[in-house]
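Asks: Sharing model28.tsv below, TSV, C-alpha atoms and all ligand atoms:
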chain	number	residue	atom	x	y	z
A	1	MET	CA	-86.92	132.73	116.43
A	2	ALA	CA	-88.17	131.08	119.61
A	3	ALA	CA	-85.54	128.35	119.26
A	4	LEU	CA	-82.62	130.81	119.31
A	5	ASP	CA	-80.75	131.27	122.60
A	6	ARG	CA	-81.23	134.99	123.38
A	7	GLU	CA	-78.13	134.96	125.59
A	8	ARG	CA	-76.09	134.32	122.46
A	9	PHE	CA	-78.16	135.81	119.68
A	10	GLU	CA	-79.92	139.08	119.12
A	11	VAL	CA	-82.73	138.41	116.64
A	12	ARG	CA	-83.90	141.05	114.22
A	13	PRO	CA	-86.82	139.95	112.03
A	14	PHE	CA	-87.16	141.18	108.44
A	15	LEU	CA	-90.58	140.57	106.96
A	16	ILE	CA	-91.14	140.45	103.21
A	17	SER	CA	-94.73	140.64	101.95
A	18	LYS	CA	-95.99	138.64	98.98
A	19	GLU	CA	-95.73	141.87	96.97
A	20	GLY	CA	-92.04	142.09	97.82
A	21	ARG	CA	-92.22	144.90	100.39
A	22	TRP	CA	-89.74	144.71	103.27
A	23	LYS	CA	-90.47	145.59	106.89
A	24	PRO	CA	-88.69	147.45	108.47
A	25	GLY	CA	-86.59	148.05	105.35
A	26	PRO	CA	-84.59	146.00	102.85
A	27	ILE	CA	-81.16	144.45	103.21
A	28	LEU	CA	-78.92	146.50	100.92
A	29	PRO	CA	-76.82	144.83	98.20
A	30	GLU	CA	-73.56	146.43	99.23
A	31	PRO	CA	-70.84	145.12	101.55
A	32	GLY	CA	-70.85	147.01	104.86
A	33	ALA	CA	-74.22	148.64	104.18
A	34	ASN	CA	-76.06	146.53	106.74
A	35	PRO	CA	-74.40	147.25	110.09
A	36	GLY	CA	-75.33	145.02	113.00
A	37	ILE	CA	-76.15	141.95	110.89
A	38	ASP	CA	-73.73	139.03	111.38
A	39	VAL	CA	-75.69	136.28	109.68
A	40	VAL	CA	-79.03	135.99	107.89
A	41	PHE	CA	-81.40	133.05	108.34
A	42	PRO	CA	-83.79	132.96	105.35
A	43	VAL	CA	-87.07	131.25	106.27
A	44	LEU	CA	-88.89	131.61	102.98
A	45	HIS	CA	-90.54	129.27	100.50
A	46	GLY	CA	-90.69	129.25	96.74
A	47	THR	CA	-89.95	131.90	94.13
A	48	PHE	CA	-87.58	134.69	95.28
A	49	GLY	CA	-87.06	133.01	98.67
A	50	GLU	CA	-85.79	129.55	97.90
A	51	ASP	CA	-84.66	129.85	94.27
A	52	GLY	CA	-81.35	131.69	94.67
A	53	THR	CA	-82.74	135.19	94.26
A	54	ILE	CA	-82.49	136.34	97.85
A	55	GLN	CA	-79.33	134.30	98.24
A	56	GLY	CA	-77.86	136.42	95.43
A	57	LEU	CA	-78.79	139.60	97.28
A	58	LEU	CA	-77.03	138.27	100.39
A	59	GLU	CA	-73.94	137.43	98.32
A	60	LEU	CA	-73.83	141.01	97.01
A	61	ALA	CA	-74.26	142.30	100.56
A	62	GLY	CA	-71.32	140.13	101.66
A	63	LEU	CA	-73.42	138.63	104.46
A	64	PRO	CA	-73.16	135.03	105.67
A	65	TYR	CA	-76.50	133.22	105.39
A	66	VAL	CA	-77.97	129.90	106.41
A	67	GLY	CA	-78.60	127.17	103.86
A	68	ALA	CA	-77.99	126.62	100.18
A	69	GLY	CA	-76.12	129.13	98.03
A	70	VAL	CA	-77.28	130.63	94.74
A	71	PHE	CA	-76.57	127.65	92.51
A	72	ALA	CA	-77.93	124.91	94.78
A	73	SER	CA	-81.04	127.00	95.48
A	74	SER	CA	-81.92	127.57	91.85
A	75	ALA	CA	-80.88	124.09	90.71
A	76	SER	CA	-83.12	122.56	93.38
A	77	MET	CA	-86.06	124.80	92.52
A	78	ASP	CA	-86.14	123.66	88.89
A	79	LYS	CA	-87.38	120.08	88.91
A	80	GLU	CA	-85.90	119.31	85.48
A	81	HIS	CA	-82.38	120.46	86.35
A	82	MET	CA	-82.58	118.91	89.80
A	83	LYS	CA	-83.40	115.54	88.23
A	84	ARG	CA	-80.57	115.95	85.72
A	85	LEU	CA	-78.05	116.55	88.49
A	86	PHE	CA	-79.35	113.50	90.36
A	87	GLN	CA	-79.15	111.39	87.19
A	88	ALA	CA	-75.63	112.59	86.43
A	89	ARG	CA	-74.61	111.18	89.81
A	90	GLY	CA	-76.35	107.89	89.06
A	91	LEU	CA	-79.19	108.45	91.55
A	92	PRO	CA	-82.67	106.96	90.98
A	93	VAL	CA	-85.30	109.48	89.84
A	94	VAL	CA	-88.90	108.86	88.73
A	95	GLU	CA	-89.21	108.62	84.93
A	96	TYR	CA	-90.30	111.97	83.50
A	97	ILE	CA	-90.73	114.07	80.40
A	98	VAL	CA	-90.63	117.86	80.05
A	99	GLN	CA	-92.93	119.92	77.84
A	100	PRO	CA	-92.67	123.65	77.12
A	101	SER	CA	-95.81	125.40	78.38
A	102	GLY	CA	-96.31	126.85	74.92
A	103	ALA	CA	-96.27	123.41	73.23
A	104	LEU	CA	-98.23	121.03	75.48
A	105	ASN	CA	-98.81	117.60	73.98
A	106	VAL	CA	-101.31	115.23	75.58
A	107	ASP	CA	-100.56	112.41	73.13
A	108	ALA	CA	-96.83	112.52	73.79
A	109	ALA	CA	-97.49	112.30	77.52
A	110	LEU	CA	-99.89	109.37	77.05
A	111	LYS	CA	-97.34	107.63	74.87
A	112	ALA	CA	-94.63	108.01	77.51
A	113	PHE	CA	-96.58	106.70	80.52
A	114	GLU	CA	-99.62	104.75	81.58
A	115	LEU	CA	-102.19	106.69	83.58
A	116	PRO	CA	-102.27	107.95	86.26
A	117	VAL	CA	-99.43	110.46	85.94
A	118	PHE	CA	-98.29	113.44	87.98
A	119	VAL	CA	-98.16	116.82	86.25
A	120	LYS	CA	-96.14	119.66	87.77
A	121	PRO	CA	-94.89	123.11	86.89
A	122	ALA	CA	-91.08	122.71	86.71
A	123	ASN	CA	-90.57	125.48	89.27
A	124	LEU	CA	-92.49	126.42	92.41
A	125	GLY	CA	-93.11	124.02	95.31
A	126	SER	CA	-95.71	123.59	98.06
A	127	SER	CA	-97.60	121.39	95.55
A	128	VAL	CA	-98.89	124.53	93.79
A	129	GLY	CA	-100.15	123.68	90.27
A	130	ILE	CA	-99.57	119.93	90.73
A	131	SER	CA	-102.21	117.36	89.74
A	132	LYS	CA	-102.59	113.62	89.53
A	133	ALA	CA	-104.28	112.84	86.22
A	134	HIS	CA	-106.27	109.59	85.87
A	135	THR	CA	-107.89	110.17	82.47
A	136	ARG	CA	-107.02	111.85	79.20
A	137	ALA	CA	-109.36	114.73	80.05
A	138	GLU	CA	-107.76	115.19	83.46
A	139	LEU	CA	-104.33	115.10	81.86
A	140	ASN	CA	-105.36	117.83	79.46
A	141	ASP	CA	-106.59	120.02	82.35
A	142	ALA	CA	-103.53	119.20	84.46
A	143	LEU	CA	-101.13	120.30	81.70
A	144	LYS	CA	-103.01	123.56	81.21
A	145	LEU	CA	-103.05	124.23	84.94
A	146	ALA	CA	-99.32	123.55	85.39
A	147	ALA	CA	-98.52	125.70	82.35
A	148	GLN	CA	-100.02	128.71	84.15
A	149	PHE	CA	-97.27	128.53	86.76
A	150	ASP	CA	-94.13	127.99	84.70
A	151	ARG	CA	-92.77	127.95	81.18
A	152	LYS	CA	-92.02	124.23	81.49
A	153	VAL	CA	-94.21	121.37	82.65
A	154	ILE	CA	-93.03	118.00	84.02
A	155	VAL	CA	-95.05	114.82	83.50
A	156	GLU	CA	-93.97	111.79	85.50
A	157	ARG	CA	-95.01	108.26	86.31
A	158	ALA	CA	-97.13	107.97	89.46
A	159	ILE	CA	-95.44	105.89	92.15
A	160	ALA	CA	-97.79	103.89	94.37
A	161	GLY	CA	-96.27	103.33	97.77
A	162	GLN	CA	-94.78	105.27	100.67
A	163	GLU	CA	-93.58	108.85	100.90
A	164	VAL	CA	-90.41	109.23	102.99
A	165	GLU	CA	-88.40	112.32	103.99
A	166	CYS	CA	-84.79	112.60	105.14
A	167	ALA	CA	-83.22	115.60	106.86
A	168	VAL	CA	-79.62	116.36	105.82
A	169	LEU	CA	-77.30	118.78	107.63
A	170	GLY	CA	-73.74	119.94	106.95
A	171	ASN	CA	-71.50	121.51	104.34
A	172	ASP	CA	-68.77	119.36	102.77
A	173	ARG	CA	-69.49	116.30	104.92
A	174	PRO	CA	-73.29	116.30	105.31
A	175	GLU	CA	-75.08	113.85	107.60
A	176	ALA	CA	-78.61	112.42	107.51
A	177	ALA	CA	-81.05	112.21	110.44
A	178	THR	CA	-83.73	109.56	111.09
A	179	PRO	CA	-86.07	109.41	108.06
A	180	CYS	CA	-89.81	109.94	108.58
A	181	GLU	CA	-92.86	108.96	106.58
A	182	ILE	CA	-95.68	111.24	105.44
A	183	LEU	CA	-99.20	109.83	105.30
A	184	PRO	CA	-101.22	112.32	103.23
A	185	SER	CA	-104.90	112.58	104.15
A	186	ARG	CA	-105.77	113.30	100.52
A	187	GLU	CA	-104.94	111.39	97.34
A	188	PHE	CA	-101.48	112.97	97.43
A	189	TYR	CA	-99.67	115.52	99.59
A	190	ASP	CA	-101.25	118.62	98.01
A	191	TYR	CA	-101.34	122.27	99.09
A	192	GLU	CA	-104.46	121.84	101.26
A	193	ASP	CA	-102.91	118.88	103.03
A	194	LYS	CA	-99.62	120.70	103.64
A	195	TYR	CA	-100.90	124.04	104.88
A	196	ILE	CA	-104.63	124.01	105.55
A	197	LEU	CA	-106.19	120.72	106.61
A	198	ASN	CA	-103.71	119.61	109.24
A	199	THR	CA	-105.00	116.04	108.89
A	200	SER	CA	-102.02	114.33	107.25
A	201	LYS	CA	-100.06	112.06	109.56
A	202	VAL	CA	-96.41	111.37	110.12
A	203	GLU	CA	-94.49	108.30	111.25
A	204	LEU	CA	-91.09	108.93	112.79
A	205	PRO	CA	-89.10	106.79	112.20
A	206	ALA	CA	-90.53	105.80	108.81
A	207	ARG	CA	-92.06	102.28	108.71
A	208	ILE	CA	-89.39	100.81	106.45
A	209	THR	CA	-86.75	98.12	106.91
A	210	ALA	CA	-83.35	98.84	108.43
A	211	ALA	CA	-81.78	98.31	105.01
A	212	GLN	CA	-84.21	100.81	103.40
A	213	MET	CA	-83.49	103.26	106.23
A	214	ALA	CA	-79.77	103.06	105.51
A	215	GLU	CA	-80.34	103.42	101.76
A	216	VAL	CA	-82.61	106.47	102.21
A	217	ARG	CA	-79.99	108.13	104.39
A	218	ARG	CA	-77.21	107.33	101.91
A	219	LEU	CA	-79.27	108.66	98.97
A	220	GLY	CA	-80.23	111.73	101.02
A	221	VAL	CA	-76.57	112.66	101.45
A	222	GLU	CA	-75.86	111.85	97.78
A	223	ALA	CA	-78.74	114.07	96.61
A	224	PHE	CA	-77.48	116.90	98.83
A	225	LEU	CA	-74.02	116.60	97.29
A	226	ALA	CA	-75.42	116.27	93.75
A	227	VAL	CA	-76.86	119.81	93.82
A	228	GLU	CA	-73.93	121.15	95.90
A	229	CYS	CA	-76.26	122.05	98.73
A	230	SER	CA	-74.99	123.50	101.99
A	231	GLY	CA	-76.32	123.89	105.51
A	232	MET	CA	-79.64	122.09	105.32
A	233	GLY	CA	-81.73	120.14	102.86
A	234	ARG	CA	-84.76	117.90	103.19
A	235	VAL	CA	-84.63	115.11	100.65
A	236	ASP	CA	-87.98	113.51	99.77
A	237	PHE	CA	-88.44	109.98	98.43
A	238	LEU	CA	-91.12	107.80	96.90
A	239	LEU	CA	-90.90	104.09	97.78
A	240	GLU	CA	-92.69	101.88	95.29
A	241	SER	CA	-94.59	99.08	97.05
A	242	ALA	CA	-94.77	96.72	94.07
A	243	THR	CA	-91.02	96.72	93.37
A	244	GLY	CA	-89.44	97.87	96.64
A	245	ARG	CA	-87.60	100.53	94.61
A	246	ILE	CA	-86.56	103.80	96.25
A	247	TYR	CA	-86.91	106.90	94.06
A	248	LEU	CA	-85.65	110.40	94.79
A	249	ASN	CA	-88.50	112.87	94.43
A	250	GLU	CA	-86.83	116.15	95.32
A	251	ILE	CA	-84.59	118.18	97.60
A	252	ASN	CA	-85.99	121.20	99.43
A	253	THR	CA	-83.30	123.71	100.31
A	254	ILE	CA	-85.51	125.57	102.81
A	255	PRO	CA	-87.59	122.89	104.48
A	256	GLY	CA	-90.51	123.81	106.73
A	257	PHE	CA	-89.08	125.28	109.90
A	258	THR	CA	-91.91	125.73	112.37
A	259	SER	CA	-92.05	123.89	115.69
A	260	ILE	CA	-94.25	121.22	114.05
A	261	SER	CA	-92.14	120.84	110.88
A	262	MET	CA	-90.46	117.53	110.13
A	263	TYR	CA	-86.91	118.78	109.43
A	264	PRO	CA	-86.29	119.79	113.08
A	265	LYS	CA	-88.32	116.77	114.33
A	266	MET	CA	-86.11	114.34	112.41
A	267	TRP	CA	-83.01	115.91	113.94
A	268	GLU	CA	-84.56	115.84	117.38
A	269	HIS	CA	-85.15	112.12	116.90
A	270	ALA	CA	-81.52	111.72	115.85
A	271	GLY	CA	-80.39	113.43	119.07
A	272	LEU	CA	-80.04	117.07	118.00
A	273	PRO	CA	-82.56	119.35	119.77
A	274	PHE	CA	-84.12	122.30	117.88
A	275	ALA	CA	-82.05	124.94	119.70
A	276	ARG	CA	-78.78	123.09	118.92
A	277	LEU	CA	-79.87	122.54	115.30
A	278	VAL	CA	-80.43	126.25	114.76
A	279	GLU	CA	-77.03	127.04	116.29
A	280	ARG	CA	-75.37	124.42	114.11
A	281	LEU	CA	-76.96	125.94	110.99
A	282	ILE	CA	-75.57	129.35	111.94
A	283	GLU	CA	-72.12	127.84	112.50
A	284	LEU	CA	-72.31	126.18	109.09
A	285	ALA	CA	-73.30	129.50	107.50
A	286	LEU	CA	-70.29	131.24	109.06
A	287	GLU	CA	-67.97	128.38	108.06
A	288	ARG	CA	-69.08	128.52	104.44
A	289	HIS	CA	-68.77	132.29	104.35
A	290	ALA	CA	-65.24	132.13	105.75
A	291	ALA	CA	-64.25	129.44	103.24
A	292	ARG	CA	-65.56	131.55	100.36
A	293	GLN	CA	-63.89	134.68	101.62
A	294	SER	CA	-60.53	132.97	101.38
A	295	LEU	CA	-61.06	132.57	97.60
A	296	ARG	CA	-59.62	135.01	95.11
A	297	TYR	CA	-61.94	136.72	92.64
A	298	SER	CA	-59.31	138.28	90.42
A	299	LEU	CA	-55.61	138.08	89.62
B	1	LIG	N1	-94.34	110.66	90.73
B	1	LIG	C1	-95.12	110.72	91.83
B	1	LIG	N2	-95.75	109.62	92.26
B	1	LIG	C2	-96.53	109.67	93.38
B	1	LIG	N3	-96.77	110.78	94.09
B	1	LIG	C3	-96.17	111.92	93.69
B	1	LIG	C4	-95.30	111.95	92.55
B	1	LIG	N4	-94.87	113.20	92.39
B	1	LIG	C5	-95.42	113.93	93.38
B	1	LIG	N5	-96.22	113.18	94.17
B	1	LIG	C6	-97.05	113.67	95.29
B	1	LIG	O1	-97.23	115.08	95.14
B	1	LIG	C7	-96.63	115.79	96.22
B	1	LIG	C8	-95.98	117.08	95.71
B	1	LIG	O2	-95.03	116.80	94.70
B	1	LIG	P1	-93.57	117.37	94.75
B	1	LIG	O3	-92.85	116.87	93.56
B	1	LIG	O4	-92.97	117.04	96.08
B	1	LIG	O5	-93.79	118.93	94.60
B	1	LIG	P2	-93.48	120.17	95.57
B	1	LIG	O6	-92.14	120.67	95.17
B	1	LIG	O7	-94.55	121.15	95.24
B	1	LIG	O8	-93.52	119.68	96.99
B	1	LIG	C9	-95.65	114.81	96.82
B	1	LIG	O9	-95.41	115.11	98.18
B	1	LIG	C10	-96.39	113.48	96.63
B	1	LIG	O10	-97.44	113.33	97.59
B	2	MG	MG	-92.51	118.11	97.81
Could you render the structure as structure tokens?
Ligand SMILES: Nc1ncnc2c1ncn2[C@@H]1O[C@H](COP(=O)(O)OP(=O)(O)O)[C@@H](O)[C@H]1O
Ligand SMILES: [Mg+2]
Replies:
Amino acid sequence: MAALDRERFEVRPFLISKEGRWKPGPILPEPGANPGIDVVFPVLHGTFGEDGTIQGLLELAGLPYVGAGVFASSASMDKEHMKRLFQARGLPVVEYIVQPSGALNVDAALKAFELPVFVKPANLGSSVGISKAHTRAELNDALKLAAQFDRKVIVERAIAGQEVECAVLGNDRPEAATPCEILPSREFYDYEDKYILNTSKVELPARITAAQMAEVRRLGVEAFLAVECSGMGRVDFLLESATGRIYLNEINTIPGFTSISMYPKMWEHAGLPFARLVERLIELALERHAARQSLRYSL
């Protein structure tokens, strides 16, 4: 909100509590029922905010909104389907298996990978329910924990190396900013490290070669296109030290957006200040809305 030019924009905050209550009141799912709103800028994480749900409400309301649409939001929230879309485009993802939460199988996971492995609920984000399992007992606990958060659990090979992020911006012709590197202060970038401790470190630009930089930016744009994202997306990578391989970890359709968040910082480094970035995102939202309005929905 602070980054928006008040000469150009009148900002009206809508707050939604964890219980789903809106302050001052909800956006209504009917075209024309929300006078005075020209564009909505969702700044939400996780279920209902980043998974296509609220985007669906905004579609029904006929309001332009910043960022990914319904499909890209939900496809990016489900780690299995996200990986499938990346794979279908020939992009490198970390080897993984999926288990239904009602049929967890420690032996199958141990057969698929050497320890340690990462165990994640298929949906969610913010590292909630994610563990790194080093032993059979830890794997057992990790599966049970992840299964509390979703009906599907992902088990994947642990990549030892660097964690790199790439900010992507645009609609049909997205562009990538300068990639950065996250240095978690814990064993991995978990919930505490992201939101509580404030002791993880960041390198901007990432400490990788010029060739790796170019490849990360190329893959960032490819990942964005693979899920049909629009507006913004932060694409996260794991770089394996032993092999030099670059793996796509995920795309976040609503990256952190505070003044200390990396998405705006990466754009600032690439020459786009925060205030201009926010304006650009609003322009992109209006452009996409106009393009969709020109489509026919019936004969
Ligand atoms: N396969 C992996 N190998 C190494 N580290 C991983 C792997 N998967 C996840 N991590 C670590 O766990 C963190 C959270 O995992 P991630 O898949 O990004 O979930 P979320 O959607 O909750 O952010 C990552 O930022 C990274 O530190
Ligand atoms: Mg992540």
Asks: Write out as number ranges by chain the residues lying within 9 Å of region 10-12 of chain A, counting only C-alpha atoms and excluding same-chain residues fewer than 5 positions away.
Replies: A: 1, 4-5, 37
Asks: In Å, how far is it from CA of Ile130 (chain A) to CA of Leu143 (chain A)?
Replies: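 Rounded to one decimal, the two atoms are 9.2 Å apart.
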Asks: Using all atoms listed in the file, which residue out of A:Thr253, A:Asn198, A:Gln148, A:Asn105 lies closest to ligand MG 2 (chain B)?
Replies: A:Thr253
Asks: From the set A:Glu95, A:Ala160, A:Glu19, A:Val216, which residue has the shortest atom-to-atom contact distance to Ala242 (chain A), counting all atoms listed in the file?
Replies: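 Checking each candidate against Ala242 (chain A), we get A:Ala160 as the closest.
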Asks: Would you mind listing the residues within 8 Å of ligand MG 2 (chain B), counting all atoms listed in the file, as a VMD selection string?
Replies: chain A and resid 125 to 127 189 236 249 to 252
Asks: Quote the spacing between atom P1 of ligand LIG 1 (chain B) and CA of Asp172 (chain A) in Å to one decimal place.
Replies: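 Going from atom P1 of ligand LIG 1 (chain B) over to CA of Asp172 (chain A) covers 26.1 Å.
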Asks: Excluding same-chain residues fewer than 6 positions from Glu181 (chain A), what lies within 8 Å of it counting only C-alpha atoms, as a count of residues only?
Replies: 10
Asks: Find the residues around Leu145 (chain A) up to 12 Å (all atoms listed in the file counted), leave out those fewer than 4 positions away in its own chain, and share them as a ChimeraX atom specification.
Replies: /A:101,104,119-121,128-133,138-141,149-154
Asks: Create the file for the chosen residues now, containing C-alpha atoms and written as a short mmCIF file (atom, residue, chain, number, x, y, z; two decimals), in the coordinates of the input.
Replies:
data_model
loop_
_atom_site.label_atom_id
_atom_site.label_comp_id
_atom_site.auth_asym_id
_atom_site.auth_seq_id
_atom_site.Cartn_x
_atom_site.Cartn_y
_atom_site.Cartn_z
CA SER A 101 -95.81 125.40 78.38
CA LEU A 104 -98.23 121.03 75.48
CA VAL A 119 -98.16 116.82 86.25
CA LYS A 120 -96.14 119.66 87.77
CA PRO A 121 -94.89 123.11 86.89
CA VAL A 128 -98.89 124.53 93.79
CA GLY A 129 -100.15 123.68 90.27
CA ILE A 130 -99.57 119.93 90.73
CA SER A 131 -102.21 117.36 89.74
CA LYS A 132 -102.59 113.62 89.53
CA ALA A 133 -104.28 112.84 86.22
CA GLU A 138 -107.76 115.19 83.46
CA LEU A 139 -104.33 115.10 81.86
CA ASN A 140 -105.36 117.83 79.46
CA ASP A 141 -106.59 120.02 82.35
CA PHE A 149 -97.27 128.53 86.76
CA ASP A 150 -94.13 127.99 84.70
CA ARG A 151 -92.77 127.95 81.18
CA LYS A 152 -92.02 124.23 81.49
CA VAL A 153 -94.21 121.37 82.65
CA ILE A 154 -93.03 118.00 84.02
#
Asks: Extract, using all atoms listed in the file, all DNA, RNA and protein residues at most 9 Å from Val43 (chain A), discarding same-chain residues fewer than 2 positions from it, and format them as a ChimeraX atom specification.
Replies: /A:41,45,49-50,254-257
Asks: List as a list in words the protein and nucleic acid residues near Asp51 (chain A), meaning an atom at most 10 Å away when all atoms listed in the file are counted, but skip any in the same chain fewer than 2 places from it.
Replies: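 Once the adjacent positions are removed, what remains is Leu44, His45, Gly46, Thr47, Phe48, Gly49, Thr53, Ile54, Gln55, Gly56, Ala68, Gly69, Val70, Phe71, Ala72, Ser73, Ser74, Ala75, Ser76, Met77, Asp78, Asn123, Leu124, Thr253 and Ile254 of chain A.
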Asks: Mind pulling up the distance from CA of Gly161 (chain A) to CA of Ser241 (chain A)?
Replies: 4.6 Å
Asks: Which residue, A:Val235, A:Ala142, A:Ile97, A:Leu85, has the smallest gap to Met262 (chain A) when you use all atoms listed in the file?
Replies: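 For Met262 (chain A), the nearest of the given residues is A:Val235.
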Asks: Taking only C-alpha atoms and all ligand atoms into account, which of A:Val39, A:Ala290, A:Val227, A:Val94 comes nearest ligand LIG 1 (chain B)?
Replies: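 Result for the nearest residue to ligand LIG 1 (chain B): A:Val94.
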Asks: With distances taken over all atoms listed in the file, which of A:Leu63, A:Leu238, A:Leu15, A:Ala167 is nearest to Ile208 (chain A)?
Replies: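 For Ile208 (chain A), the nearest of the candidates is A:Leu238.
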Asks: Can I get the residues of region 101-199 of chain A within 7 Å of region 266-276 of chain A, each with the closest pair of atoms and their distance in Å to one decimal, using all atoms listed in the file, sorted chain first then ascending number, as a tab-separated table?
Replies:
residue	atom	partner	partner_atom	distance
A:Ala167	CA	A:Met266	CA	6.4
A:Ala177	CA	A:Ala270	CA	5.5
A:Thr178	CA	A:Met266	CA	5.5
A:Pro179	CA	A:Met266	CA	6.6
A:Cys180	CA	A:Met266	CA	6.9
Asks: Which of these residues is nearest to ligand LIG 1 (chain B), using all atoms listed in the file: A:Pro116, A:Pro100, A:Pro64, A:Gly233?
Replies: A:Pro116
